[in-house]
Structure formats: structure tokens, C-alpha cells
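Peer 1: To be precise about what I am sending: the file is called input_29.cif and holds mmCIF, C-alpha atoms.
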```cif
data_structure
#
loop_
_atom_site.label_atom_id
_atom_site.label_comp_id
_atom_site.auth_asym_id
_atom_site.auth_seq_id
_atom_site.Cartn_x
_atom_site.Cartn_y
_atom_site.Cartn_z
CA MET A 1 -187.60 -10.08 -32.06
CA GLY A 2 -190.46 -8.58 -30.15
CA LYS A 3 -190.01 -6.73 -26.92
CA GLU A 4 -186.55 -6.46 -25.51
CA ASN A 5 -185.63 -7.25 -22.00
CA SER A 6 -183.59 -4.75 -20.06
CA THR A 7 -180.21 -5.41 -18.51
CA ARG A 8 -181.88 -5.22 -15.13
CA GLU A 9 -184.15 -8.13 -15.96
CA ILE A 10 -181.19 -10.17 -17.23
CA TRP A 11 -179.32 -9.77 -13.94
CA LEU A 12 -182.49 -10.48 -11.98
CA VAL A 13 -182.84 -13.82 -13.79
CA PHE A 14 -179.16 -14.51 -13.19
CA TRP A 15 -179.58 -14.07 -9.43
CA LEU A 16 -182.66 -16.24 -9.48
CA LEU A 17 -180.81 -19.05 -11.30
CA LEU A 18 -177.88 -18.73 -8.92
CA ILE A 19 -180.04 -18.87 -5.80
CA VAL A 20 -182.05 -21.84 -7.07
CA THR A 21 -178.80 -23.69 -7.88
CA ALA A 22 -177.42 -22.87 -4.45
CA VAL A 23 -180.59 -24.19 -2.79
CA GLU A 24 -180.29 -27.39 -4.83
CA VAL A 25 -176.67 -27.89 -3.83
CA ILE A 26 -177.39 -27.25 -0.14
CA LEU A 27 -180.32 -29.68 -0.18
CA GLY A 28 -178.14 -32.21 -2.02
CA ILE A 29 -175.45 -31.99 0.65
CA ILE A 30 -177.53 -32.02 3.83
CA LYS A 31 -180.26 -34.29 2.45
CA PRO A 32 -182.93 -33.50 5.08
CA SER A 33 -184.25 -36.78 6.45
CA PHE A 34 -187.93 -35.79 6.30
CA MET A 35 -187.54 -35.19 2.56
CA ILE A 36 -185.97 -38.58 1.95
CA GLU A 37 -188.41 -40.60 4.02
CA ARG A 38 -191.56 -39.27 2.42
CA ARG A 39 -192.38 -40.65 -1.00
CA LEU A 40 -194.85 -39.56 -3.66
CA ILE A 41 -195.46 -41.92 -6.59
CA GLY A 42 -192.26 -43.84 -5.79
CA VAL A 43 -190.02 -40.77 -5.76
CA THR A 44 -188.73 -39.08 -2.62
CA LEU A 45 -189.86 -35.58 -1.70
CA LEU A 46 -186.27 -34.42 -2.14
CA ASN A 47 -186.13 -35.60 -5.73
CA HIS A 48 -189.50 -33.99 -6.44
CA THR A 49 -188.06 -30.74 -5.12
CA PHE A 50 -185.00 -31.08 -7.38
CA ILE A 51 -187.14 -31.74 -10.44
CA ILE A 52 -189.47 -28.81 -9.73
CA LEU A 53 -186.54 -26.43 -9.14
CA THR A 54 -184.93 -27.64 -12.39
CA ILE A 55 -188.11 -26.91 -14.33
CA VAL A 56 -188.25 -23.45 -12.73
CA LYS A 57 -184.68 -22.82 -13.93
CA ALA A 58 -185.46 -24.16 -17.39
CA TYR A 59 -188.52 -21.88 -17.59
CA TYR A 60 -186.47 -18.77 -16.86
CA ILE A 61 -183.67 -19.70 -19.25
CA VAL A 62 -186.10 -20.31 -22.10
CA TYR A 63 -188.47 -17.41 -21.44
CA SER A 64 -185.97 -14.72 -20.57
CA PHE A 65 -182.56 -15.66 -21.95
CA MET A 66 -183.86 -17.22 -25.14
CA HIS A 67 -186.53 -14.47 -25.44
CA LEU A 68 -189.28 -17.01 -26.04
CA GLY A 69 -191.53 -14.99 -23.74
CA SER A 70 -191.52 -12.10 -26.20
CA GLU A 71 -192.04 -14.19 -29.35
CA LYS A 72 -195.37 -14.54 -31.15
CA LYS A 73 -197.88 -16.94 -29.63
CA ASN A 74 -197.72 -19.05 -32.77
CA LEU A 75 -194.00 -19.64 -32.44
CA LYS A 76 -194.17 -20.17 -28.69
CA TRP A 77 -196.60 -23.05 -28.97
CA SER A 78 -194.96 -24.72 -31.93
CA ILE A 79 -191.79 -24.95 -29.86
CA ILE A 80 -193.23 -25.82 -26.47
CA LEU A 81 -195.94 -28.26 -27.46
CA PRO A 82 -193.78 -30.98 -29.10
CA VAL A 83 -191.43 -30.92 -26.14
CA TRP A 84 -194.22 -30.96 -23.55
CA VAL A 85 -196.01 -33.84 -25.22
CA LEU A 86 -193.15 -36.05 -26.38
CA ILE A 87 -190.72 -35.91 -23.46
CA PRO A 88 -193.17 -36.77 -20.63
CA TYR A 89 -194.59 -39.52 -22.84
CA LEU A 90 -191.15 -40.98 -23.48
CA LEU A 91 -190.19 -40.78 -19.81
CA PHE A 92 -193.49 -42.33 -18.73
CA ILE A 93 -192.95 -45.35 -20.99
CA LEU A 94 -189.28 -45.82 -20.11
CA LEU A 95 -189.62 -45.44 -16.34
CA THR A 96 -192.76 -47.56 -16.06
CA GLU A 97 -191.03 -50.37 -17.91
CA ALA A 98 -187.91 -49.95 -15.80
CA PHE A 99 -189.88 -50.38 -12.56
CA TYR A 100 -191.59 -53.43 -14.01
CA GLN A 101 -188.33 -55.01 -15.11
CA GLN A 102 -186.72 -54.32 -11.78
CA GLU A 103 -189.56 -56.15 -10.03
CA MET A 104 -189.52 -59.08 -12.43
CA TYR A 105 -185.86 -59.89 -12.86
CA TYR A 106 -183.83 -58.44 -10.06
CA MET B 107 -195.14 -13.77 -57.22
CA CYS B 108 -197.69 -11.15 -58.18
CA ASP B 109 -199.14 -13.30 -60.94
CA ILE B 110 -199.65 -16.24 -58.66
CA ASN B 111 -201.26 -14.01 -56.08
CA THR B 112 -203.72 -12.55 -58.52
CA SER B 113 -204.63 -15.94 -59.91
CA ILE B 114 -205.31 -17.21 -56.41
CA LYS B 115 -207.35 -14.11 -55.79
CA LEU B 116 -209.44 -14.85 -58.83
CA ASP B 117 -209.97 -18.46 -57.83
CA SER B 118 -210.76 -17.80 -54.26
CA LYS B 119 -214.01 -16.37 -53.03
CA ASN B 120 -212.86 -15.94 -49.48
CA ASN B 121 -210.68 -12.89 -48.97
CA LYS B 122 -209.30 -14.05 -45.65
CA LYS B 123 -207.94 -17.27 -47.07
CA GLU B 124 -205.87 -15.66 -49.77
CA SER B 125 -203.94 -13.58 -47.27
CA ILE B 126 -202.96 -16.76 -45.49
CA TRP B 127 -202.07 -18.89 -48.49
CA GLY B 128 -200.95 -16.15 -50.81
CA GLY B 129 -197.40 -16.19 -49.50
CA GLY B 130 -195.24 -13.37 -48.31
CA ASN B 131 -196.56 -13.71 -44.77
CA ARG B 132 -194.49 -14.23 -41.66
CA PRO B 133 -196.91 -15.99 -39.36
CA MET B 134 -194.25 -16.51 -36.70
CA LYS B 135 -192.68 -13.07 -37.07
CA ALA B 136 -189.20 -14.57 -37.04
CA SER B 137 -186.57 -14.98 -39.73
CA TYR B 138 -185.92 -18.28 -41.46
CA GLY B 139 -182.57 -18.79 -39.73
CA LYS B 140 -183.96 -18.17 -36.29
CA LEU B 141 -186.91 -20.50 -36.84
CA MET B 142 -184.65 -23.28 -38.07
CA MET B 143 -182.40 -22.80 -35.05
CA TRP B 144 -185.44 -23.23 -32.81
CA PHE B 145 -186.57 -26.35 -34.61
CA PHE B 146 -183.07 -27.79 -34.47
CA LEU B 147 -183.06 -27.12 -30.73
CA ILE B 148 -186.35 -29.03 -30.37
CA THR B 149 -184.81 -32.09 -32.01
CA ASP B 150 -181.71 -31.73 -29.86
CA ALA B 151 -183.87 -31.46 -26.74
CA LEU B 152 -185.57 -34.71 -27.72
CA THR B 153 -182.19 -36.38 -28.24
CA PHE B 154 -180.96 -35.34 -24.82
CA SER B 155 -184.20 -36.35 -23.14
CA ALA B 156 -183.87 -39.77 -24.78
CA PHE B 157 -180.37 -40.10 -23.32
CA LEU B 158 -181.40 -38.98 -19.86
CA GLY B 159 -184.49 -41.19 -20.09
CA ALA B 160 -182.31 -44.17 -21.01
CA TYR B 161 -180.10 -43.32 -18.04
CA GLY B 162 -183.19 -43.34 -15.81
CA TYR B 163 -184.30 -46.63 -17.26
CA HIS B 164 -181.00 -48.33 -16.50
CA ARG B 165 -180.78 -46.76 -13.10
CA PHE B 166 -184.19 -48.04 -12.07
CA THR B 167 -183.55 -51.53 -13.42
CA HIS B 168 -180.26 -51.76 -11.50
CA PHE B 169 -180.87 -49.49 -8.57
CA THR B 170 -179.52 -51.97 -6.02
CA ASP B 171 -175.95 -51.72 -7.30
CA TRP B 172 -176.13 -48.27 -8.90
CA PRO B 173 -173.40 -45.87 -7.71
CA ILE B 174 -174.53 -42.70 -5.96
CA ALA B 175 -173.17 -39.78 -7.94
CA ASP B 176 -172.35 -37.51 -5.03
CA GLU B 177 -170.26 -40.28 -3.50
CA VAL B 178 -168.32 -40.63 -6.75
CA PHE B 179 -167.64 -36.98 -7.58
CA THR B 180 -166.17 -35.60 -4.40
CA HIS B 181 -163.01 -33.90 -5.58
CA PHE B 182 -162.28 -30.20 -5.57
CA PRO B 183 -159.13 -28.59 -7.00
CA PHE B 184 -156.33 -27.81 -4.52
CA VAL B 185 -158.15 -29.19 -1.50
CA HIS B 186 -158.02 -32.67 -0.12
CA GLY B 187 -161.08 -34.31 1.31
CA HIS B 188 -164.70 -35.12 0.71
CA TYR B 189 -166.53 -32.31 -1.05
CA PRO B 190 -169.58 -33.65 -2.83
CA LEU B 191 -171.40 -31.47 -5.37
CA PHE B 192 -169.22 -28.39 -4.92
CA TYR B 193 -167.26 -28.87 -8.10
CA VAL B 194 -170.32 -29.50 -10.29
CA ALA B 195 -171.98 -26.51 -8.67
CA LEU B 196 -168.98 -24.43 -9.72
CA MET B 197 -169.23 -25.78 -13.27
CA THR B 198 -172.95 -24.93 -13.31
CA PHE B 199 -172.13 -21.44 -12.10
CA ILE B 200 -169.56 -20.97 -14.88
CA LEU B 201 -172.05 -22.04 -17.52
CA ILE B 202 -174.89 -19.87 -16.15
CA MET B 203 -172.48 -16.95 -16.02
CA SER B 204 -171.47 -17.44 -19.66
CA SER B 205 -175.16 -17.63 -20.54
CA VAL B 206 -175.66 -14.23 -18.89
CA THR B 207 -172.77 -12.70 -20.83
CA MET B 208 -174.26 -14.15 -24.02
CA VAL B 209 -177.66 -12.59 -23.36
CA LEU B 210 -175.91 -9.28 -22.63
CA ALA B 211 -174.14 -9.57 -26.00
CA VAL B 212 -177.50 -10.10 -27.70
CA HIS B 213 -178.87 -7.11 -25.79
CA ALA B 214 -175.96 -4.92 -26.93
CA GLY B 215 -176.56 -6.16 -30.47
CA HIS B 216 -180.14 -4.88 -30.40
CA HIS B 217 -178.74 -1.45 -29.65
CA MET B 218 -176.12 -1.75 -32.43
CA ASN B 219 -173.44 -1.40 -29.79
CA LYS B 220 -170.44 -3.07 -31.42
CA LYS B 221 -168.11 -2.57 -28.49
CA GLY B 222 -170.63 -4.13 -26.09
CA VAL B 223 -171.16 -7.16 -28.33
CA THR B 224 -167.40 -7.63 -28.62
CA ILE B 225 -166.76 -7.57 -24.88
CA TRP B 226 -169.68 -9.79 -23.89
CA MET B 227 -169.04 -12.33 -26.64
CA PHE B 228 -165.40 -12.53 -25.65
CA LEU B 229 -166.39 -13.24 -22.04
CA THR B 230 -168.84 -15.89 -23.25
CA ILE B 231 -166.07 -17.66 -25.14
CA VAL B 232 -163.81 -17.50 -22.07
CA GLY B 233 -166.62 -19.00 -19.97
CA GLY B 234 -167.17 -21.80 -22.48
CA ILE B 235 -163.49 -22.70 -22.55
CA THR B 236 -163.33 -22.63 -18.74
CA PHE B 237 -166.27 -25.00 -18.58
CA LEU B 238 -164.60 -27.40 -21.02
CA GLY B 239 -161.43 -27.32 -18.92
CA SER B 240 -163.44 -28.07 -15.79
CA GLN B 241 -165.05 -31.00 -17.50
CA ALA B 242 -161.67 -32.35 -18.54
CA TRP B 243 -160.57 -32.14 -14.91
CA GLU B 244 -163.70 -33.99 -13.79
CA TRP B 245 -163.18 -36.72 -16.37
CA TYR B 246 -159.52 -37.09 -15.38
CA HIS B 247 -160.45 -37.75 -11.76
CA PHE B 248 -163.24 -40.08 -12.73
CA ILE B 249 -160.86 -42.14 -14.89
CA LYS B 250 -158.06 -42.10 -12.32
CA GLY B 251 -160.30 -43.10 -9.44
CA THR B 252 -159.95 -42.87 -5.69
CA GLU B 253 -156.89 -43.71 -3.63
CA LYS B 254 -158.51 -46.83 -2.21
CA GLY B 255 -159.97 -48.19 -5.40
CA ALA B 256 -162.00 -51.37 -5.30
CA LEU B 257 -161.41 -55.10 -5.56
CA LEU B 258 -162.10 -57.42 -8.43
CA ILE B 259 -162.97 -60.86 -7.10
CA PRO B 260 -162.95 -63.94 -9.34
CA SER B 261 -166.27 -65.73 -9.26
CA GLY B 262 -167.64 -68.61 -11.32
CA GLU B 263 -165.85 -71.04 -13.58
CA HIS B 264 -165.73 -68.98 -16.75
CA GLY B 265 -163.43 -66.29 -15.48
CA GLN B 266 -166.18 -63.90 -14.48
CA LYS B 267 -165.30 -61.29 -11.91
CA ARG B 268 -167.28 -59.25 -9.45
CA VAL B 269 -166.55 -55.82 -8.06
CA ALA B 270 -166.32 -55.50 -4.28
CA HIS B 271 -165.85 -52.45 -2.10
CA TYR B 272 -163.72 -52.27 1.01
CA ILE B 273 -165.40 -51.94 4.34
CA GLY B 274 -163.14 -50.46 6.98
CA LEU B 275 -159.80 -50.92 5.30
CA HIS B 276 -156.95 -50.99 7.81
CA ASP B 277 -153.45 -49.83 7.14
CA SER B 278 -151.83 -53.23 7.45
CA HIS B 279 -148.25 -52.03 7.67
CA HIS B 280 -148.63 -50.04 10.84
CA GLU B 281 -151.23 -51.87 12.85
CA ASP B 282 -150.89 -55.33 14.30
CA ASP B 283 -147.32 -55.82 13.08
CA SER B 284 -146.16 -56.82 16.52
CA HIS B 285 -148.80 -59.52 16.88
CA HIS B 286 -148.09 -61.65 13.84
CA GLU B 287 -144.68 -61.18 12.43
CA ASP B 288 -144.42 -64.11 10.05
CA ASP B 289 -147.04 -65.94 7.93
CA SER B 290 -150.01 -64.52 6.09
CA HIS B 291 -150.99 -61.95 8.67
CA TYR B 292 -152.54 -59.67 6.02
CA SER B 293 -155.47 -61.98 5.41
CA ASP B 294 -157.62 -60.97 8.36
CA LEU B 295 -157.17 -57.25 7.93
CA VAL B 296 -159.26 -56.67 4.84
CA GLU B 297 -162.99 -56.86 4.67
CA ALA B 298 -164.99 -56.27 1.55
CA GLU B 299 -168.48 -56.70 0.22
CA PHE B 300 -169.97 -57.14 -3.21
CA LEU B 301 -172.18 -54.49 -4.71
CA ASP B 302 -175.33 -56.26 -3.56
CA GLY B 303 -174.10 -56.16 0.05
CA GLU B 304 -172.99 -59.79 0.24
CA PRO B 305 -169.69 -60.13 2.15
CA VAL B 306 -166.66 -61.40 0.24
CA PRO B 307 -165.40 -64.77 1.62
CA GLN B 308 -162.16 -64.25 3.54
CA GLU B 309 -160.22 -66.90 1.58
CA LEU B 310 -160.63 -64.82 -1.59
CA LEU B 311 -159.08 -61.85 0.19
CA SER B 312 -155.94 -63.58 1.39
CA ARG B 313 -152.63 -61.90 0.70
CA ASN B 314 -149.04 -63.02 0.35
CA ASP B 315 -146.06 -61.89 2.42
CA GLN B 316 -145.66 -58.70 0.44
CA GLY B 317 -149.25 -57.78 1.16
CA GLU B 318 -150.39 -58.43 -2.42
CA PHE B 319 -153.72 -60.04 -3.00
CA ILE B 320 -153.47 -63.62 -4.23
CA TYR B 321 -156.88 -63.98 -5.88
CA ALA B 322 -158.35 -60.52 -5.83
CA GLU B 323 -157.20 -57.66 -8.02
CA GLN B 324 -157.17 -53.98 -7.16
CA ILE B 325 -158.82 -51.64 -9.66
CA PHE B 326 -158.93 -47.88 -9.74
CA GLY B 327 -161.33 -45.54 -11.47
CA ALA B 328 -163.19 -46.23 -14.67
CA PRO B 329 -160.55 -47.16 -17.25
CA LEU B 330 -161.07 -46.18 -20.89
CA THR B 331 -158.19 -48.31 -22.12
CA GLY B 332 -156.63 -51.62 -21.19
CA GLU B 333 -157.94 -55.02 -20.27
CA TYR B 334 -160.92 -53.91 -18.20
CA ALA B 335 -161.97 -50.87 -20.23
CA PHE B 336 -165.74 -50.42 -19.90
CA ARG B 337 -166.06 -53.89 -18.31
CA TYR B 338 -165.27 -53.28 -14.66
CA ASN B 339 -164.77 -50.13 -12.64
CA GLU B 340 -164.50 -49.27 -9.00
CA TYR B 341 -167.76 -47.33 -8.81
CA GLY B 342 -170.19 -50.16 -9.32
CA HIS B 343 -172.42 -50.94 -12.27
CA THR B 344 -170.50 -50.01 -15.44
CA THR B 345 -173.61 -48.64 -17.15
CA PHE B 346 -173.28 -45.68 -14.81
CA SER B 347 -169.83 -44.76 -16.07
CA ASN B 348 -170.80 -45.48 -19.67
CA PHE B 349 -173.72 -43.08 -19.37
CA PHE B 350 -171.52 -40.57 -17.61
CA TYR B 351 -169.01 -40.59 -20.47
CA PHE B 352 -171.72 -40.55 -23.09
CA ILE B 353 -174.04 -37.88 -21.72
CA THR B 354 -171.47 -35.46 -20.35
CA GLY B 355 -169.32 -36.16 -23.41
CA PHE B 356 -172.19 -35.37 -25.77
CA HIS B 357 -172.97 -32.23 -23.81
CA GLY B 358 -169.29 -31.30 -23.77
CA PHE B 359 -169.23 -31.74 -27.53
CA HIS B 360 -172.13 -29.29 -27.74
CA VAL B 361 -170.19 -26.82 -25.61
CA PHE B 362 -167.15 -27.34 -27.82
CA THR B 363 -169.05 -26.67 -31.06
CA GLY B 364 -170.79 -23.76 -29.33
CA VAL B 365 -167.40 -22.23 -28.52
CA LEU B 366 -166.25 -22.74 -32.12
CA ILE B 367 -169.38 -21.10 -33.56
CA ASN B 368 -169.05 -18.30 -31.01
CA ILE B 369 -165.47 -17.71 -32.14
CA VAL B 370 -166.55 -17.52 -35.81
CA ILE B 371 -169.30 -15.02 -34.97
CA PHE B 372 -166.90 -13.11 -32.72
CA ILE B 373 -164.44 -12.69 -35.60
CA ASN B 374 -167.28 -11.44 -37.82
CA VAL B 375 -168.29 -8.98 -35.11
CA LEU B 376 -164.71 -7.71 -34.94
CA LYS B 377 -164.61 -7.33 -38.72
CA GLY B 378 -167.83 -5.33 -38.53
CA VAL B 379 -169.79 -7.71 -40.79
CA TYR B 380 -172.99 -7.41 -38.77
CA HIS B 381 -172.64 -3.70 -38.26
CA ARG B 382 -172.63 -3.20 -42.03
CA ARG B 383 -175.54 -5.61 -42.36
CA GLY B 384 -177.52 -3.39 -40.03
CA HIS B 385 -178.47 -6.02 -37.45
CA TYR B 386 -176.84 -8.50 -35.10
CA GLU B 387 -179.26 -11.37 -35.65
CA MET B 388 -176.43 -13.89 -36.07
CA VAL B 389 -175.39 -13.16 -32.48
CA GLU B 390 -178.97 -13.83 -31.45
CA LYS B 391 -179.02 -17.18 -33.29
CA VAL B 392 -175.75 -18.42 -31.82
CA GLY B 393 -177.04 -17.12 -28.49
CA LEU B 394 -180.05 -19.42 -28.77
CA TYR B 395 -177.73 -22.37 -29.24
CA TRP B 396 -175.55 -21.30 -26.33
CA HIS B 397 -178.52 -20.93 -23.96
CA PHE B 398 -179.73 -24.33 -25.03
CA VAL B 399 -176.39 -25.84 -24.04
CA ASP B 400 -176.81 -24.19 -20.64
CA LEU B 401 -180.37 -25.50 -20.43
CA VAL B 402 -179.23 -29.06 -21.09
CA TRP B 403 -176.58 -28.76 -18.40
CA VAL B 404 -179.25 -27.73 -15.89
CA PHE B 405 -180.98 -31.06 -16.55
CA VAL B 406 -177.76 -33.09 -16.61
CA PHE B 407 -176.79 -31.52 -13.28
CA THR B 408 -180.11 -32.53 -11.73
CA PHE B 409 -180.48 -36.02 -13.14
CA PHE B 410 -176.86 -37.07 -12.97
CA TYR B 411 -175.61 -35.48 -9.78
CA LEU B 412 -178.55 -34.52 -7.58
CA VAL B 413 -181.38 -37.04 -7.95
#
```
Spit out the file's structure as C-alpha cells when you get a sec.

Peer 2:
Amino acid sequence: MGKENSTREIWLVFWLLLIVTAVEVILGIIKPSFMIERRLIGVTLLNHTFIILTIVKAYYIVYSFMHLGSEKKNLKWSIILPVWVLIPYLLFILLTEAFYQQEMYY
Amino acid sequence: MCDINTSIKLDSKNNKKESIWGGGNRPMKASYGKLMMWFFLITDALTFSAFLGAYGYHRFTHFTDWPIADEVFTHFPFVHGHYPLFYVALMTFILIMSSVTMVLAVHAGHHMNKKGVTIWMFLTIVGGITFLGSQAWEWYHFIKGTEKGALLIPSGEHGQKRVAHYIGLHDSHHEDDSHHEDDSHYSDLVEAEFLDGEPVPQELLSRNDQGEFIYAEQIFGAPLTGEYAFRYNEYGHTTFSNFFYFITGFHGFHVFTGVLINIVIFINVLKGVYHRRGHYEMVEKVGLYWHFVDLVWVFVFTFFYLV
């Protein structure tokens, strides 16, 4: 169980999640042109922003709401490591092949 | 247990080793049930990432005719018009809110506060059911489609069809009626283009005296039943709608089971089962599952609606 988080911290995380979501929605509606025009590794700046904000939200849900931040180091790494290694690897393979196929056949 | 320990002690020369392998340790300082919940969640995370990855794969291979999600989901209850993203944002808010009430229930459980657990768990269940209702509404509008719909144009000799979208559809009954009163005056009023941007030849768009298309067919939404189920829909490439049904459906199923498990735990809380047991760890375990469902939605929201 480890250390407990206070109600204050819970509401703080809630506001953070809410604000990040609101920022995402506003960006998704206005779609600022400078963020769409600029591309980094084939992805627009806007989409990079969305992905980073999503990971920020995921971090707070897992570390605060799921109390992973207050678990033992042992447990933390045995949960995070498989996910950190396998998912980026899977996405790398799938998306690289998708780009290749798009170029070749379509 | 003791016998085995002593025999290991006798065999082993290293004192440190026996405390590791002797058993009775809790290297992760978490109960069996909680650990297994975490490991289940890892496998579930991998499943969802495989689905979203497959979605990305198909999107990148077909990105020329892939529908843009915030042009598809533009409805909002009780208001008419074009409101992209607002409804999904509301759904996200509902789910985050129910995640907060869940974590407050867990918090109350740590303090053995039965009343607190009861109230917060009840609100969590209400939030979960509200989310499921919202999803049903979203699916309904996705299946039903827009007012305009799209056109299905016959192409090729083997009965293949291609989806085309209207460009600047005119209301043929009000405009231009005075100019051509007889013959096929509907034909020049409709313009449409295929998904790859190629214009539809005018002869395929001709209409009879009643204004009905002769060759083309009007389709609405993404039908789940009938002749064109899963084959053609008004939004563009059907893989999009298939993934939409599959991913949000699979997530919705998680929410549904989450609500069911929450209800079971809620009844046990009411009966005082966990109070007698001396701890509310079951609430914590179901809480982990519930937060995971919220976590997955955060990713679905980004990769389905925003990106």
C-alpha cells in the first residue's frame, strides 16, 4: 500500500487532467496552422503535442490514481518495463511497415 | 515450511541467499490479488496497444481516403450544428470524474470509513453507467449517419461500387425550378467526387423526374445490418468504421464489466464484508481496473479523435 495520497492531491491531479484535456480539445478545434505545417519525423507538431499531453495524463493516472508512485521500486519496474519496451517496439514495426506499404502500393 | 527452511539453511553457506529463496518473503510488498491485477492490466495494455497500433497501420496505408474523425463525430445532444470534439470531451470528462470518485473511495477505504466508501463507489457506478449511455448515443449517430449521406456509384463490370461525397449539394426543389420545368433538370444540380478526389462523371449522377438517382444510390451512416453492412459507408474507408466499432466497443465492454464488478464490490461494502475483514483492499483492486479503463480511454480519445 505504501504512502497514501491526500484528498488534496487527488483533486489537484483531477484539475490537471481536466486542464490538459481542455487544452487538447481547444487545439483540436482551432488547429493552429503553424502546428500543422511543421513536421518532425513525418508527424505534425500538433500531433506531437497531442501525444506528449496524452503521456502526461497517463503518467498522472498511473502514478497518482493507481498509486504506482508509492509502490516498491521492484513492483514499479516490473510493471513499467514490459510496457515501455514492448509497446514502442510494436508501434515502430507497424508504423514503419505502414509507411513503406503506402509508398509502394498506393 | 520450517523444515524446508532449515534444510536450505544447512545446505547453503551464504546467509543472504537463504532469506531470498527461503520463502515467506514479499519482495513487492503487495498482496497476491493486487499483483495479479497489475499483471492482468499489463496484458490488457498490450492488447489495446495492439489494436490502436493496427488502427495506425491501416490509417497510414490508406491515409488518402481515411475519414477525419472530427468531421465524422460532430453531434451534440439537443443542439443542431457542427460541434466537433465537444461530445467526446464530455465523455472524457465523465470518465475522469468517475476515476476521481473511485480514488476517493479507495482513500476512504484506507481510513476504514464505510460511509465514505459507499458514497464514492456509488458515484463511480453512476459515472460508469453515464459513460456507457453516452457511448450508446455516439454509436447511434454514427450508425444513423448525417442528413446528407453519401453516394454509392457503380463502377466496373463486376458490380463493384465506389463511395462518393457531395460537393456543394443544391436543394433541387427550390432553386432553378422556373428555368427547366420538364425533362431531367435534376441532373446538373448534383456534383460529387470519389474519395480520392476524382470527380464523378455527370452521367452517373443523372436523376429521373421524381429526383431519384438512376444509377447512384444514397447511403447513410455505417450500417451494421442489411445489404451493405461493413462493406460501404458514407464516411469513407470502411476500415475506419470497423476499427471504431471494435476499439470503442472493446473499451465499452471493459467499462461494462468494470461497472458490474463495481456493483458486486459495492454490495459487499454495503453488507459490511470488508469492514469485518479489517481492510478495503478489494475496493483498491477494482479501483486499479477502473483507473485502467480510464487510462485506455485517454489513449483512445487521442488516437481516434484528435490525431

Peer 1: Of the candidates B:Tyr334, B:Phe410, B:Phe398, B:Phe346, which shows the shortest atom-to-atom distance to chain A, using only C-alpha atoms?

Peer 2: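 The answer is B:Phe398, which sits nearest to chain A.
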
Peer 1: When you get a sec, could you note down which chain A residues fall within 7 Å of chain B, using only C-alpha atoms, as a list in words?

Peer 2: Met1, Phe14, Val25, Gly28, Asn47, Phe50, Thr54, Ala58, Ile61, Phe65, Met66, Lys72, Asn74, Leu75, Ile79, Val83, Ile87, Leu91, Leu94, Leu95, Ala98, Phe99, Gln101 and Gln102 of chain A

Peer 1: Care to translate the PyMOL selection byres ((chain B and resi 345) around 10) into actual residues of this file, as a PyMOL selection string?

Peer 2: chain B and resi 161+164-165+168+172-173+336-338+342-344+346-351

Peer 1: As a check of understanding, name the residues that the PyMOL selection byres ((chain B and resi 364) around 9) selects in the supplied structure, as a PyMOL selection string.

Peer 2: chain B and resi 231+234+359-363+365-369+392+395-396+399

Peer 1: Need the shell around Thr49 in chain A: protein/DNA/RNA residues with any atom at most 10 Å away, counting all atoms listed in the file. Skip same-chain ones fewer than 3 positions apart. Format as a list of chain:residue names?

Peer 2: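 The filter keeps A:Glu24, A:Leu27, A:Met35, A:Thr44, A:Leu45, A:Leu46, A:Ile52, A:Leu53, A:Thr54, A:Ile55, B:Val413.
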
Peer 1: Emit the selected residues as a compact mmCIF listing (two decimals), in the frame of the given file, including C-alpha atoms.

Peer 2:
```txt
# COMPACT_ATOMS: atom_id res chain seq x y z
CA GLU A 24 -180.29 -27.39 -4.83
CA LEU A 27 -180.32 -29.68 -0.18
CA MET A 35 -187.54 -35.19 2.56
CA THR A 44 -188.73 -39.08 -2.62
CA LEU A 45 -189.86 -35.58 -1.70
CA LEU A 46 -186.27 -34.42 -2.14
CA ILE A 52 -189.47 -28.81 -9.73
CA LEU A 53 -186.54 -26.43 -9.14
CA THR A 54 -184.93 -27.64 -12.39
CA ILE A 55 -188.11 -26.91 -14.33
CA VAL B 413 -181.38 -37.04 -7.95
```

Peer 1: Find the spatial neighbours of Arg268 in chain B, counting all atoms listed in the file, within a cut-off of 7 Å - ignore same-chain residues fewer than 5 positions away - and output them as a list in words.

Peer 2: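 The neighbour list is Leu258, Ile259, Pro260 and Ser261 of chain B.
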
Peer 1: Decode the PyMOL selection byres ((chain A and resi 13) around 9) for the given file into explicit residues and return them as a ChimeraX atom specification.

Peer 2: /A:8-12,14-18,60-61,64-65 /B:206

Peer 1: Quick check, in Å to one decimal: how far apart do CA of Gln324 in chain B and CA of His247 in chain B lie?

Peer 2: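 Answer for the CA of Gln324 in chain B to CA of His247 in chain B separation: 17.2 Å.
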
Peer 1: Quote the spacing between CA of Ser204 in chain B and CA of Val178 in chain B in Å to one decimal place.

Peer 2: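 A separation of 26.7 Å between them.
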
Peer 1: Quick one: distance from CA of Lys254 in chain B to CA of Arg313 in chain B in Å, one decimal?

Peer 2: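 Distance reported for this atom pair: 16.4 Å.
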
Peer 1: Please provide the set of residues having any atom within 12 Å of His217 in chain B, restricted to all atoms listed in the file, with same-chain residues fewer than 2 positions apart removed, written as an NGL selection string.

Peer 2: (:A and (4-7)) or (:B and (210-215 or 219-223 or 381 or 384-387))

Peer 1: For Lys76 in chain A, work out the shell of residues within 10 Å, counting all atoms listed in the file and skipping chain neighbours fewer than 6 positions away, then give it as a ChimeraX atom specification.

Peer 2: /A:63,68-70 /B:134

Peer 1: Between B:Gly265, B:Gly378, B:Gly358, B:Gly187, which one has atoms that come closest to Ser240 in chain B, using all atoms listed in the file?

Peer 2: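 Nearest candidate to Ser240 in chain B out of B:Gly265, B:Gly378, B:Gly358, B:Gly187: B:Gly358.
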